[in-house]
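J.: Pasting run-v2.cif here (mmCIF, C-alpha atoms):
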data_data
#
loop_
_atom_site.label_atom_id
_atom_site.label_comp_id
_atom_site.auth_asym_id
_atom_site.auth_seq_id
_atom_site.Cartn_x
_atom_site.Cartn_y
_atom_site.Cartn_z
CA MET G 1351 100.49 90.95 96.10
CA LEU G 1352 102.69 93.81 94.93
CA THR G 1353 99.51 95.72 94.08
CA LEU G 1354 98.34 95.45 97.65
CA LEU G 1355 101.76 96.31 99.06
CA HIS G 1356 102.06 99.29 96.74
CA ARG G 1357 98.58 100.46 97.66
CA ASP G 1358 99.29 100.22 101.39
CA LEU G 1359 102.56 102.12 101.07
CA ARG G 1360 100.81 104.82 99.07
CA LEU G 1361 98.01 105.04 101.63
CA ALA G 1362 100.48 105.31 104.48
CA LEU G 1363 102.35 108.15 102.84
CA ARG G 1364 99.26 110.18 101.93
CA ALA G 1365 97.78 112.61 104.45
CA GLY G 1366 96.18 110.85 107.39
CA GLY G 1367 97.77 107.54 106.56
CA GLY G 1368 99.46 107.22 109.92
CA PHE G 1369 103.01 107.16 108.63
CA GLY G 1370 105.27 108.70 111.24
CA GLN G 1371 102.92 107.94 114.13
CA ALA G 1372 105.14 105.14 115.41
CA LEU G 1373 108.27 107.11 114.59
CA GLY G 1374 107.00 110.11 116.58
CA PHE G 1375 106.15 107.90 119.53
CA TYR G 1376 109.60 106.31 119.45
CA LEU G 1377 111.33 109.68 119.37
CA ILE G 1378 109.24 110.93 122.28
CA VAL G 1379 109.98 107.87 124.42
CA ALA G 1380 113.72 107.99 123.75
CA THR G 1381 113.99 111.73 124.41
CA LEU G 1382 111.88 111.67 127.57
CA VAL G 1383 113.67 108.79 129.26
CA PRO G 1384 116.92 110.75 129.91
CA LEU G 1385 114.80 113.57 131.31
CA GLY G 1386 112.99 111.19 133.63
CA VAL G 1387 115.92 109.01 134.69
CA GLY G 1388 118.52 111.77 134.71
CA PRO G 1389 121.43 112.37 132.36
CA ASP G 1390 123.92 110.27 134.33
CA ARG G 1391 125.82 107.96 131.97
CA ALA G 1392 126.22 105.27 134.62
CA THR G 1393 122.45 104.80 134.99
CA LEU G 1394 121.45 105.46 131.37
CA ALA G 1395 123.93 103.29 129.47
CA PRO G 1396 123.00 99.92 131.06
CA THR G 1397 119.25 100.50 130.50
CA ALA G 1398 119.60 101.88 126.96
CA PRO G 1399 119.27 98.55 125.07
CA GLY G 1400 116.12 97.65 126.98
CA ILE G 1401 114.57 101.10 126.56
CA LEU G 1402 115.33 101.23 122.84
CA TRP G 1403 113.83 97.78 122.27
CA LEU G 1404 110.81 98.41 124.46
CA GLY G 1405 110.16 101.71 122.69
CA ALA G 1406 110.32 100.04 119.28
CA LEU G 1407 107.98 97.28 120.43
CA LEU G 1408 105.37 99.69 121.82
CA ALA G 1409 105.65 101.91 118.74
CA CYS G 1410 104.88 98.87 116.56
CA LEU G 1411 101.94 97.99 118.76
CA LEU G 1412 100.49 101.48 118.41
CA SER G 1413 99.60 101.15 114.73
CA LEU G 1414 98.48 97.53 114.70
CA ASP G 1415 94.74 98.05 115.07
CA ARG G 1416 94.77 99.94 111.75
CA VAL G 1417 96.17 97.01 109.80
CA PHE G 1418 92.88 95.32 108.98
CA ALA G 1419 90.22 97.45 110.71
CA LEU G 1420 90.20 100.15 108.01
CA ASP G 1421 90.00 97.57 105.23
CA ARG G 1422 87.13 95.87 106.94
CA GLU G 1423 85.17 99.06 107.53
CA ASP G 1424 85.28 100.20 103.93
CA GLY G 1425 84.55 96.77 102.46
CA THR G 1426 87.98 96.18 100.96
CA LEU G 1427 88.36 92.93 102.89
CA ASP G 1428 85.11 91.57 101.42
CA GLY G 1429 86.53 92.24 97.98
CA LEU G 1430 89.85 90.59 98.78
CA VAL G 1431 88.36 87.19 99.58
CA PRO G 1432 87.03 86.41 96.07
CA ALA G 1433 90.12 87.97 94.44
CA PRO G 1434 92.59 85.62 92.71
CA LEU G 1435 95.24 86.54 95.27
CA PRO G 1436 95.27 83.93 98.09
CA LEU G 1437 94.37 85.44 101.45
CA GLU G 1438 97.71 84.18 102.79
CA ALA G 1439 99.52 86.34 100.24
CA ALA G 1440 97.31 89.28 101.13
CA ALA G 1441 98.25 88.77 104.79
CA THR G 1442 101.93 88.74 103.87
CA ALA G 1443 101.52 91.94 101.87
CA LYS G 1444 99.77 93.66 104.77
CA ALA G 1445 102.46 92.60 107.23
CA ALA G 1446 105.23 93.66 104.86
CA ALA G 1447 103.57 97.04 104.39
CA HIS G 1448 103.33 97.44 108.17
CA TRP G 1449 107.00 96.58 108.53
CA LEU G 1450 108.11 98.98 105.79
CA THR G 1451 106.03 101.92 107.02
CA THR G 1452 106.32 101.41 110.78
CA ALA G 1453 109.31 99.30 111.75
CA LEU G 1454 111.90 100.24 109.14
CA PRO G 1455 111.90 103.96 110.09
CA LEU G 1456 112.45 102.90 113.71
CA VAL G 1457 115.50 100.85 112.69
CA VAL G 1458 116.89 103.85 110.84
CA VAL G 1459 116.57 106.31 113.73
CA ALA G 1460 117.49 103.87 116.52
CA PRO G 1461 121.30 104.46 116.43
CA GLY G 1462 120.71 108.20 116.71
CA LEU G 1463 118.52 107.66 119.73
CA GLY G 1464 121.14 105.30 121.14
CA LEU G 1465 123.48 108.29 121.21
CA LEU G 1466 120.88 110.17 123.23
CA LEU G 1467 120.77 107.34 125.78
CA SER G 1468 124.59 107.04 126.00
CA LEU G 1469 124.68 103.63 124.36
CA PRO G 1470 128.37 102.72 123.84
CA ALA G 1471 129.50 103.31 120.26
CA GLN G 1472 130.52 99.70 119.63
CA ALA G 1473 126.89 98.62 120.24
CA MET G 1474 125.36 100.95 117.62
CA PRO G 1475 125.70 98.66 114.59
CA TRP G 1476 124.42 95.75 116.68
CA LEU G 1477 121.41 97.80 117.77
CA ALA G 1478 120.48 98.42 114.14
CA ALA G 1479 121.17 94.78 113.26
CA ALA G 1480 119.12 93.43 116.15
CA LEU G 1481 116.17 95.68 115.32
CA LEU G 1482 116.43 94.78 111.65
CA ALA G 1483 116.41 91.10 112.57
CA GLY G 1484 113.68 91.35 115.19
CA THR G 1485 111.11 93.83 113.90
CA PRO G 1486 109.73 91.54 111.14
CA ALA G 1487 108.56 89.25 113.93
CA LEU G 1488 106.80 92.22 115.55
CA SER G 1489 105.01 93.13 112.32
CA TRP G 1490 104.00 89.59 111.38
CA ILE G 1491 102.82 88.66 114.89
CA GLY G 1492 100.99 91.97 115.10
CA THR G 1493 99.24 91.41 111.79
CA PHE G 1494 98.09 88.04 113.06
CA GLY G 1495 96.74 89.68 116.22
CA ALA G 1496 95.01 92.34 114.12
CA ALA G 1497 93.35 89.61 112.04
CA LEU G 1498 92.11 87.89 115.20
CA THR G 1499 90.48 91.04 116.53
CA VAL G 1500 89.34 92.60 113.26
CA GLY G 1501 85.63 92.11 113.87
CA LEU G 1502 85.63 93.66 117.31
CA LYS G 1503 84.71 97.20 118.17
CA ARG G 1504 87.44 98.75 120.30
CA GLY G 1505 89.47 95.57 120.04
CA SER G 1506 92.81 97.27 120.60
CA LEU G 1507 93.03 96.33 124.28
CA LEU G 1508 92.41 92.68 123.45
CA LEU G 1509 94.89 93.01 120.59
CA SER G 1510 97.58 94.25 122.99
CA LEU G 1511 96.85 91.46 125.45
CA LEU G 1512 97.07 88.84 122.69
CA VAL G 1513 100.17 90.20 121.04
CA LEU G 1514 102.39 91.31 123.93
CA PRO G 1515 103.12 87.80 125.29
CA LEU G 1516 104.07 86.74 121.76
CA TYR G 1517 106.46 89.69 121.57
CA VAL G 1518 108.38 88.60 124.69
CA PRO G 1519 110.94 86.22 123.05
CA THR G 1520 111.84 88.81 120.42
CA LEU G 1521 112.25 91.47 123.11
CA VAL G 1522 114.39 89.23 125.34
CA PHE G 1523 116.79 88.08 122.63
CA GLY G 1524 116.85 91.37 120.74
CA ALA G 1525 117.65 93.46 123.80
CA ASP G 1526 120.14 90.84 124.99
CA ALA G 1527 122.08 91.08 121.72
CA VAL G 1528 122.45 94.84 122.15
CA ARG G 1529 123.34 94.52 125.83
CA ARG G 1530 126.07 91.98 125.08
CA ALA G 1531 127.49 94.23 122.38
CA ALA G 1532 127.46 97.18 124.81
CA GLN G 1533 129.38 95.13 127.39
CA GLY G 1534 131.91 94.00 124.81
CA LEU G 1535 130.66 90.39 124.67
CA ASP G 1536 129.79 88.43 121.54
CA PRO G 1537 126.21 89.31 120.52
CA ALA G 1538 125.96 86.77 117.68
CA GLN G 1539 123.97 84.10 119.51
CA PRO G 1540 120.97 86.17 120.68
CA LEU G 1541 121.02 87.99 117.35
CA LEU G 1542 120.72 84.70 115.47
CA LEU G 1543 117.89 83.61 117.74
CA THR G 1544 116.08 86.90 117.08
CA ALA G 1545 116.48 86.40 113.35
CA ALA G 1546 115.25 82.80 113.69
CA ILE G 1547 112.07 83.98 115.43
CA SER G 1548 111.47 86.50 112.66
CA LEU G 1549 112.00 83.95 109.89
CA GLY G 1550 109.66 81.50 111.56
CA CYS G 1551 106.99 84.18 111.94
CA VAL G 1552 107.29 85.35 108.34
CA ALA G 1553 107.05 81.79 107.05
CA LEU G 1554 104.20 80.48 109.20
CA LEU G 1555 102.01 83.29 110.50
CA PRO G 1556 100.41 84.36 107.17
CA PHE G 1557 98.54 81.03 107.20
CA ALA G 1558 97.20 81.69 110.70
CA THR G 1559 96.38 85.29 109.74
CA ALA G 1560 94.38 84.17 106.69
CA ALA G 1561 92.50 81.58 108.76
CA ALA G 1562 91.64 84.20 111.38
CA LEU G 1563 90.41 86.59 108.68
CA ARG G 1564 88.17 83.93 107.14
CA ILE G 1565 86.58 83.25 110.52
CA ASN G 1566 86.08 86.93 111.29
CA LEU G 1567 84.50 87.74 107.92
CA ARG G 1568 81.57 85.37 108.40
CA MET F 523 77.32 78.28 81.29
CA GLU F 524 75.16 77.74 84.30
CA TRP F 525 75.82 78.77 87.87
CA GLY F 526 73.65 78.36 90.89
CA CYS F 527 73.30 76.86 94.31
CA HIS F 528 71.61 73.73 95.54
CA ASP F 529 69.80 73.11 98.81
CA LEU F 530 71.79 75.84 100.53
CA THR F 531 71.37 76.55 104.23
CA CYS F 532 72.84 79.91 105.24
CA ARG F 533 73.65 81.36 108.60
CA ARG F 534 74.46 84.76 109.93
CA GLY F 535 76.44 84.49 113.13
CA GLU F 536 74.79 81.68 115.06
CA ALA F 537 71.35 82.08 113.51
CA VAL F 538 70.27 79.95 110.58
CA VAL F 539 68.49 82.46 108.38
CA LEU F 540 67.70 80.59 105.16
CA GLU F 541 67.05 76.94 104.37
CA ARG F 542 66.93 74.89 101.17
CA VAL F 543 67.76 77.72 98.78
CA THR F 544 68.03 76.43 95.24
CA LEU F 545 68.75 78.89 92.45
CA ALA F 546 69.73 78.30 88.84
CA LEU F 547 71.53 81.11 87.11
CA ARG F 548 72.30 80.91 83.40
CA ALA F 549 74.67 83.07 81.41
CA GLY F 550 72.92 86.27 80.38
CA GLU F 551 70.44 86.04 83.22
CA ALA F 552 69.88 88.21 86.26
CA ILE F 553 68.05 87.27 89.44
CA VAL F 554 66.56 90.01 91.59
CA LEU F 555 66.28 89.11 95.26
CA ARG F 556 63.27 90.54 97.04
CA GLY F 557 62.20 90.39 100.63
CA PRO F 558 61.69 92.67 103.62
CA ASN F 559 64.61 93.90 105.73
CA GLY F 560 66.17 91.11 107.72
CA SER F 561 64.87 88.37 105.45
CA GLY F 562 68.37 87.18 104.56
CA LYS F 563 69.27 88.80 101.24
CA THR F 564 72.70 89.91 102.40
CA THR F 565 73.30 86.55 104.10
CA LEU F 566 72.49 84.69 100.87
CA LEU F 567 74.76 86.94 98.80
CA ARG F 568 77.65 86.62 101.27
CA THR F 569 77.25 82.85 101.24
CA LEU F 570 77.23 82.79 97.44
CA ALA F 571 80.36 84.97 97.41
CA GLY F 572 82.16 82.49 99.65
CA LEU F 573 82.52 84.97 102.50
CA THR F 574 80.37 82.87 104.81
CA PRO F 575 80.60 79.09 104.56
CA PRO F 576 77.18 77.44 104.12
CA VAL F 577 75.79 75.27 106.90
CA ALA F 578 74.65 72.73 104.33
CA GLY F 579 74.25 72.44 100.59
CA THR F 580 76.53 73.51 97.79
CA VAL F 581 77.31 76.66 95.88
CA GLY F 582 77.74 75.64 92.26
CA PHE F 583 80.52 78.09 91.43
CA GLY F 584 83.85 78.89 92.95
CA ALA F 585 84.79 82.16 94.57
CA ASP F 586 87.07 82.72 91.57
CA LEU F 587 84.05 83.54 89.40
CA VAL F 588 82.31 86.12 91.55
CA ALA F 589 82.58 89.81 92.22
CA TYR F 590 80.87 90.90 95.42
CA GLY F 591 79.57 94.42 95.92
CA GLY F 592 78.27 94.90 99.43
CA HIS F 593 76.97 97.84 101.43
CA ALA F 594 80.46 99.22 101.98
CA ASP F 595 82.03 100.99 99.02
CA GLY F 596 85.48 99.41 99.02
CA LEU F 597 87.08 102.77 98.19
CA LYS F 598 90.07 104.34 99.90
CA ASP F 599 89.48 107.98 100.80
CA GLN F 600 93.06 109.06 100.20
CA LEU F 601 93.26 107.62 96.69
CA THR F 602 91.72 109.17 93.58
CA VAL F 603 88.89 107.45 91.74
CA SER F 604 91.19 106.20 88.99
CA GLU F 605 93.75 104.93 91.53
CA ASN F 606 91.01 103.11 93.41
CA LEU F 607 89.74 101.44 90.25
CA ARG F 608 93.27 100.58 89.19
CA VAL F 609 93.95 98.84 92.52
CA TRP F 610 90.85 96.67 92.08
CA ALA F 611 91.61 95.95 88.44
CA ASP F 612 95.17 94.94 89.35
CA LEU F 613 93.99 92.77 92.24
CA TYR F 614 91.68 90.89 89.88
CA GLY F 615 94.29 90.78 87.12
CA THR F 616 92.52 92.92 84.52
CA GLY F 617 95.06 95.75 84.68
CA ARG F 618 94.75 99.10 82.92
CA ASP F 619 92.12 97.81 80.48
CA GLY F 620 89.81 96.74 83.27
CA ALA F 621 90.11 100.07 85.07
CA GLU F 622 89.38 102.01 81.88
CA ARG F 623 86.36 99.87 81.01
CA ALA F 624 85.06 100.38 84.54
CA ALA F 625 85.45 104.17 84.36
CA ALA F 626 83.75 104.27 80.96
CA ALA F 627 80.78 102.15 82.08
CA TYR F 628 79.88 104.62 84.82
CA ASP F 629 81.11 107.81 83.14
CA LEU F 630 83.73 108.41 85.81
CA ALA F 631 86.26 110.18 83.58
CA PRO F 632 85.31 113.67 84.88
CA LEU F 633 85.89 112.43 88.45
CA ALA F 634 89.01 110.37 87.71
CA GLU F 635 91.48 112.67 89.48
CA ARG F 636 89.28 113.46 92.43
CA ARG F 637 90.02 111.87 95.81
CA ALA F 638 87.35 109.42 96.95
CA ALA F 639 86.97 111.46 100.17
CA ASP F 640 85.71 114.41 98.11
CA LEU F 641 82.96 112.47 96.29
CA SER F 642 79.26 112.75 97.05
CA ALA F 643 77.46 109.64 98.30
CA GLY F 644 76.02 108.94 94.85
CA GLN F 645 79.39 109.41 93.15
CA ARG F 646 81.01 107.05 95.65
CA ARG F 647 78.36 104.50 94.87
CA ARG F 648 79.06 104.78 91.14
CA ALA F 649 82.78 104.32 91.69
CA SER F 650 82.02 101.36 93.92
CA LEU F 651 79.78 99.75 91.28
CA ALA F 652 82.43 100.39 88.65
CA ARG F 653 84.67 98.02 90.65
CA MET F 654 82.43 95.16 89.48
CA VAL F 655 83.27 95.98 85.85
CA ALA F 656 86.94 96.27 86.77
CA THR F 657 87.05 92.73 88.19
CA GLY F 658 86.07 91.15 84.87
CA ARG F 659 84.27 88.38 86.77
CA PRO F 660 81.23 86.68 85.17
CA VAL F 661 78.97 86.53 88.24
CA TRP F 662 78.11 89.80 89.98
CA LEU F 663 76.62 89.62 93.46
CA LEU F 664 75.24 93.03 94.35
CA ASP F 665 73.70 94.05 97.64
CA GLU F 666 71.36 97.04 97.30
CA PRO F 667 73.50 98.60 94.58
CA THR F 668 71.26 101.62 93.93
CA VAL F 669 71.37 103.17 97.42
CA SER F 670 71.90 106.95 97.04
CA LEU F 671 71.80 106.86 93.22
CA ASP F 672 69.47 109.27 91.40
CA ALA F 673 67.11 108.11 88.63
CA ALA F 674 69.59 108.83 85.83
CA GLN F 675 72.33 106.86 87.59
CA VAL F 676 69.98 103.95 88.29
CA ALA F 677 69.38 103.84 84.53
CA ARG F 678 73.14 103.89 83.96
CA PHE F 679 73.55 101.04 86.43
CA ALA F 680 70.82 99.07 84.61
CA ALA F 681 72.63 99.68 81.32
CA ALA F 682 75.90 98.39 82.83
CA VAL F 683 74.15 95.27 84.10
CA ARG F 684 72.49 94.69 80.70
CA ALA F 685 75.85 95.05 78.95
CA HIS F 686 77.32 92.55 81.42
CA LEU F 687 74.50 90.08 80.76
CA GLU F 688 74.82 90.46 76.99
CA ALA F 689 78.52 89.69 77.31
CA GLY F 690 77.59 86.33 78.83
CA GLY F 691 77.70 87.30 82.48
CA ALA F 692 75.13 86.83 85.20
CA ALA F 693 74.05 88.80 88.24
CA VAL F 694 72.23 88.31 91.52
CA ILE F 695 70.96 91.65 92.79
CA ALA F 696 69.25 92.35 96.10
CA THR F 697 67.14 95.48 95.81
CA HIS F 698 63.85 97.08 96.85
CA ILE F 699 63.29 99.19 93.74
CA ASP F 700 62.45 98.50 90.12
CA LEU F 701 65.75 98.56 88.28
CA GLY F 702 64.30 98.73 84.78
CA LEU F 703 66.22 95.68 83.63
CA GLY F 704 63.28 94.38 81.63
CA ALA F 705 62.15 90.82 82.22
CA VAL F 706 64.16 89.43 85.11
CA ARG F 707 63.47 86.57 87.45
CA GLU F 708 62.43 87.75 90.90
CA VAL F 709 63.03 85.53 93.89
CA ASP F 710 61.40 86.29 97.21
CA VAL F 711 63.96 85.35 99.85
CA SER F 712 61.37 85.12 102.63
CA ALA F 713 60.10 81.91 100.99
CA PHE F 714 63.29 80.22 102.23
CA ALA F 715 63.06 81.56 105.79
CA ALA F 716 64.39 79.04 108.27
CA ARG F 717 62.11 77.59 110.90
CA ARG F 718 64.99 76.47 113.07
CA ALA F 719 66.61 79.42 114.83
CA VAL F 720 69.90 78.24 116.29
CA ALA F 721 72.68 76.64 114.28
CA VAL F 722 74.88 75.40 117.09
CA ALA F 723 73.24 74.45 120.34
CA HIS F 724 76.29 74.89 122.52
CA ASP F 725 79.50 76.49 121.49
CA PRO F 726 81.65 77.67 124.40
CA PHE F 727 83.81 79.80 122.09
CA ALA F 728 80.92 81.64 120.44
CA GLU F 729 80.49 83.96 123.39
CA ALA F 730 84.12 84.98 123.35
CA VAL F 731 84.12 85.58 119.61
CA GLU F 732 80.89 87.58 119.29
#
What does the file become when written as structure tokens?
T.:
Amino acid sequence: MLTLLHRDLRLALRAGGGFGQALGFYLIVATLVPLGVGPDRATLAPTAPGILWLGALLACLLSLDRVFALDREDGTLDGLVPAPLPLEAAATAKAAAHWLTTALPLVVVAPGLGLLLSLPAQAMPWLAAALLAGTPALSWIGTFGAALTVGLKRGSLLLSLLVLPLYVPTLVFGADAVRRAAQGLDPAQPLLLTAAISLGCVALLPFATAAALRINLR
Amino acid sequence: MEWGCHDLTCRRGEAVVLERVTLALRAGEAIVLRGPNGSGKTTLLRTLAGLTPPVAGTVGFGADLVAYGGHADGLKDQLTVSENLRVWADLYGTGRDGAERAAAAYDLAPLAERRAADLSAGQRRRASLARMVATGRPVWLLDEPTVSLDAAQVARFAAAVRAHLEAGGAAVIATHIDLGLGAVREVDVSAFAARRAVAVAHDPFAEAVE
């Protein structure tokens, strides 16, 4: 499992691996919004939590169709099935690699972008915490969606349609935690719910992902 | 040791391609699958590898004994040859030893530090076949392994297969050429061709999945 994780991280960091694609998208969204909406603090600050969460969610979505498609095209997936590693563990490794290469950089830059969108200072740590708690759900759900659509040519539209509804609870609670923190309320409850969704996804979805892969490899 | 399959019915998608396939494979033995394009060689190999569940019948060995080498190379362009082999060796638990044996079997040492993207088609194929050695598995299932190999490399492949057989392994190889393996059992897959064409008469989900 560590082999696979290590390989995926190495692949992402080499040229053409797609590392930074999501990060670039996130930076573009967060810098363009103030230009589009206008620099007024009174309009920017209330929308900042939603924009930062939505940007992170779409940035995650952007790289999902690579998760299994490349491995299927070059035959790696065929070799993974007979390997001693259970397919569920392989699915976990793929999702973890996606989270480390795509979502974690977003968590790191998010407070900086919050500054750009006039997010109140007391909400910054909560923004990072909420993203840290919520993005594993995005990666694990996304990996499941990628496994469902792995056999399809140009399956990314279907992938988005399948995955976006599943992203809604994470978005609602994650953005709510940041909004509450920005308004000076207690953000603990939505934050805990976000973390609960993530934990549930990490624990259960690898089984569904492996089942979907087995069906699609026939 | 004896591996094989009994009364196997294989499908590809919704079509039943092969029926009542029975093969016996002993340690040290290779079976060469023959048959025209579309006769079901790949389907049979994928079923034996556990990638496609059989419609009926049993495969007499678990997926934990096989190494499957299909049409795709299973190499990552951004990694070097030795990194690629090491990943496969680690995945199958043979570690550094396995990767080194694999590189030696196909004389890949001169290419070890080259990225897979910069290999020729024949060199890619060699690196891909070396993965089979790296897995350390006793049963090799190879689908047209000699595509884009020159005569010298076909001989090297035959030598690797012979060494594998002498070490107590077995192989099922689908190919159209003479591999020079000596006396091997040839099985014509078209003898098992299915007369029935459709596996599932009505499956409302099939349309959505295909």
J.: Given the file shown, determine the residues that the PyMOL selection byres ((chain G) within 9 of (chain F)) selects; report them as a tab-separated table (two decimals) with C-alpha atoms, keeping the file's coordinate frame.
T.:
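That gives us selection03.tsv:
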chain	number	residue	atom	x	y	z
G	1351	MET	CA	100.49	90.95	96.10
G	1353	THR	CA	99.51	95.72	94.08
G	1354	LEU	CA	98.34	95.45	97.65
G	1357	ARG	CA	98.58	100.46	97.66
G	1360	ARG	CA	100.81	104.82	99.07
G	1361	LEU	CA	98.01	105.04	101.63
G	1364	ARG	CA	99.26	110.18	101.93
G	1365	ALA	CA	97.78	112.61	104.45
G	1366	GLY	CA	96.18	110.85	107.39
G	1367	GLY	CA	97.77	107.54	106.56
G	1421	ASP	CA	90.00	97.57	105.23
G	1422	ARG	CA	87.13	95.87	106.94
G	1423	GLU	CA	85.17	99.06	107.53
G	1424	ASP	CA	85.28	100.20	103.93
G	1425	GLY	CA	84.55	96.77	102.46
G	1426	THR	CA	87.98	96.18	100.96
G	1427	LEU	CA	88.36	92.93	102.89
G	1428	ASP	CA	85.11	91.57	101.42
G	1429	GLY	CA	86.53	92.24	97.98
G	1430	LEU	CA	89.85	90.59	98.78
G	1431	VAL	CA	88.36	87.19	99.58
G	1432	PRO	CA	87.03	86.41	96.07
G	1433	ALA	CA	90.12	87.97	94.44
G	1434	PRO	CA	92.59	85.62	92.71
G	1435	LEU	CA	95.24	86.54	95.27
G	1499	THR	CA	90.48	91.04	116.53
G	1501	GLY	CA	85.63	92.11	113.87
G	1502	LEU	CA	85.63	93.66	117.31
G	1564	ARG	CA	88.17	83.93	107.14
G	1565	ILE	CA	86.58	83.25	110.52
G	1566	ASN	CA	86.08	86.93	111.29
G	1567	LEU	CA	84.50	87.74	107.92
G	1568	ARG	CA	81.57	85.37	108.40
J.: For F:Pro558, list every protein, DNA or RNA residue within 9 Å, evaluated using all atoms listed in the file, and leave out those in the same chain fewer than 4 positions away; present the list as a PyMOL selection string.
T.: chain F and resi 562-563+698+711-712
J.: Can you give me, as JSON, numbers by chain, the residues this file yields under the PyMOL selection byres ((chain F and resi 667-671) around 10)?
T.: {"F": [591, 592, 593, 595, 642, 643, 644, 645, 646, 647, 648, 650, 651, 663, 664, 665, 666, 672, 673, 674, 675, 676, 677, 678, 679, 680, 695, 696, 697, 698, 699, 701]}
J.: Please evaluate the PyMOL selection byres ((chain G and resi 1492) around 10) against the displayed coordinates and give the resulting residues as a list in words.
T.: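 That expression, the PyMOL selection byres ((chain G and resi 1492) around 10), corresponds here to Cys1410, Leu1411, Ser1413, Leu1414, Asp1415, Val1417, Ala1445, His1448, Pro1486, Ala1487, Leu1488, Ser1489, Trp1490, Ile1491, Thr1493, Phe1494, Gly1495, Ala1496, Ala1497, Leu1498, Leu1509, Ser1510, Leu1512, Val1513, Leu1514, Leu1516, Tyr1517, Leu1555 and Thr1559 of chain G.
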J.: As a list in words, please: the residues near stretch 1375-1381 of chain G (cut-off 6 Å, only C-alpha atoms, same-chain neighbours under 3 positions excluded).
T.: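 The contact residues come out as Ala1372, Gly1405 and Ala1409 of chain G.
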J.: If you keep C-alpha atoms, can you produce a file of those selected residues as an mmCIF file, in the frame of the given file?
T.:
data_model
loop_
_atom_site.group_PDB
_atom_site.id
_atom_site.type_symbol
_atom_site.label_atom_id
_atom_site.label_comp_id
_atom_site.auth_asym_id
_atom_site.auth_seq_id
_atom_site.Cartn_x
_atom_site.Cartn_y
_atom_site.Cartn_z
ATOM 1 C CA ALA G 1372 105.140 105.140 115.410
ATOM 2 C CA GLY G 1405 110.160 101.710 122.690
ATOM 3 C CA ALA G 1409 105.650 101.910 118.740
#
J.: Calculate how many Å separate atom CA of G:Ile1547 from atom CA of G:Leu1535, rounding to one decimal.
T.: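 These atoms are spaced 21.7 Å apart.
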J.: From the options G:Leu1477, G:Ala1532, G:Ala1460, G:Leu1467, which residue's atoms come nearest to G:Pro1389, counting all atoms listed in the file?
T.: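 The answer is G:Leu1467, which sits nearest to G:Pro1389.
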J.: Between atom CA of G:Ala1531 and atom CA of G:Gln1472, what is the distance, to one decimal in Å?
T.: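 So the answer is 6.8 Å.
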J.: Quick one: pull the distance between atom CA of G:Pro1537 and atom CA of G:Pro1396, Å, one decimal.
T.: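 Result for atom CA of G:Pro1537 versus atom CA of G:Pro1396: 15.3 Å, one decimal.
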J.: May I have the residues within 10 Å of F:Leu545 as a ChimeraX atom specification, using all atoms listed in the file and disregarding those fewer than 6 positions away in the same chain?
T.: /F:525-530,553,581-582,709
J.: Write the residues you've just listed into a file as a short mmCIF file (atom, residue, chain, number, x, y, z; two decimals), in the coordinates of the input, and include C-alpha atoms for each of them.
T.:
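Produced file result_18.cif, reproduced below:
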data_model
loop_
_atom_site.label_atom_id
_atom_site.label_comp_id
_atom_site.auth_asym_id
_atom_site.auth_seq_id
_atom_site.Cartn_x
_atom_site.Cartn_y
_atom_site.Cartn_z
CA TRP F 525 75.82 78.77 87.87
CA GLY F 526 73.65 78.36 90.89
CA CYS F 527 73.30 76.86 94.31
CA HIS F 528 71.61 73.73 95.54
CA ASP F 529 69.80 73.11 98.81
CA LEU F 530 71.79 75.84 100.53
CA ILE F 553 68.05 87.27 89.44
CA VAL F 581 77.31 76.66 95.88
CA GLY F 582 77.74 75.64 92.26
CA VAL F 709 63.03 85.53 93.89
#
J.: If we count only C-alpha atoms, what is near F:Ala689 at a cut-off of 10 Å, once residues fewer than 5 positions away on the same chain are taken out, given as a PyMOL selection string?
T.: chain F and resi 549-550+660+683-684
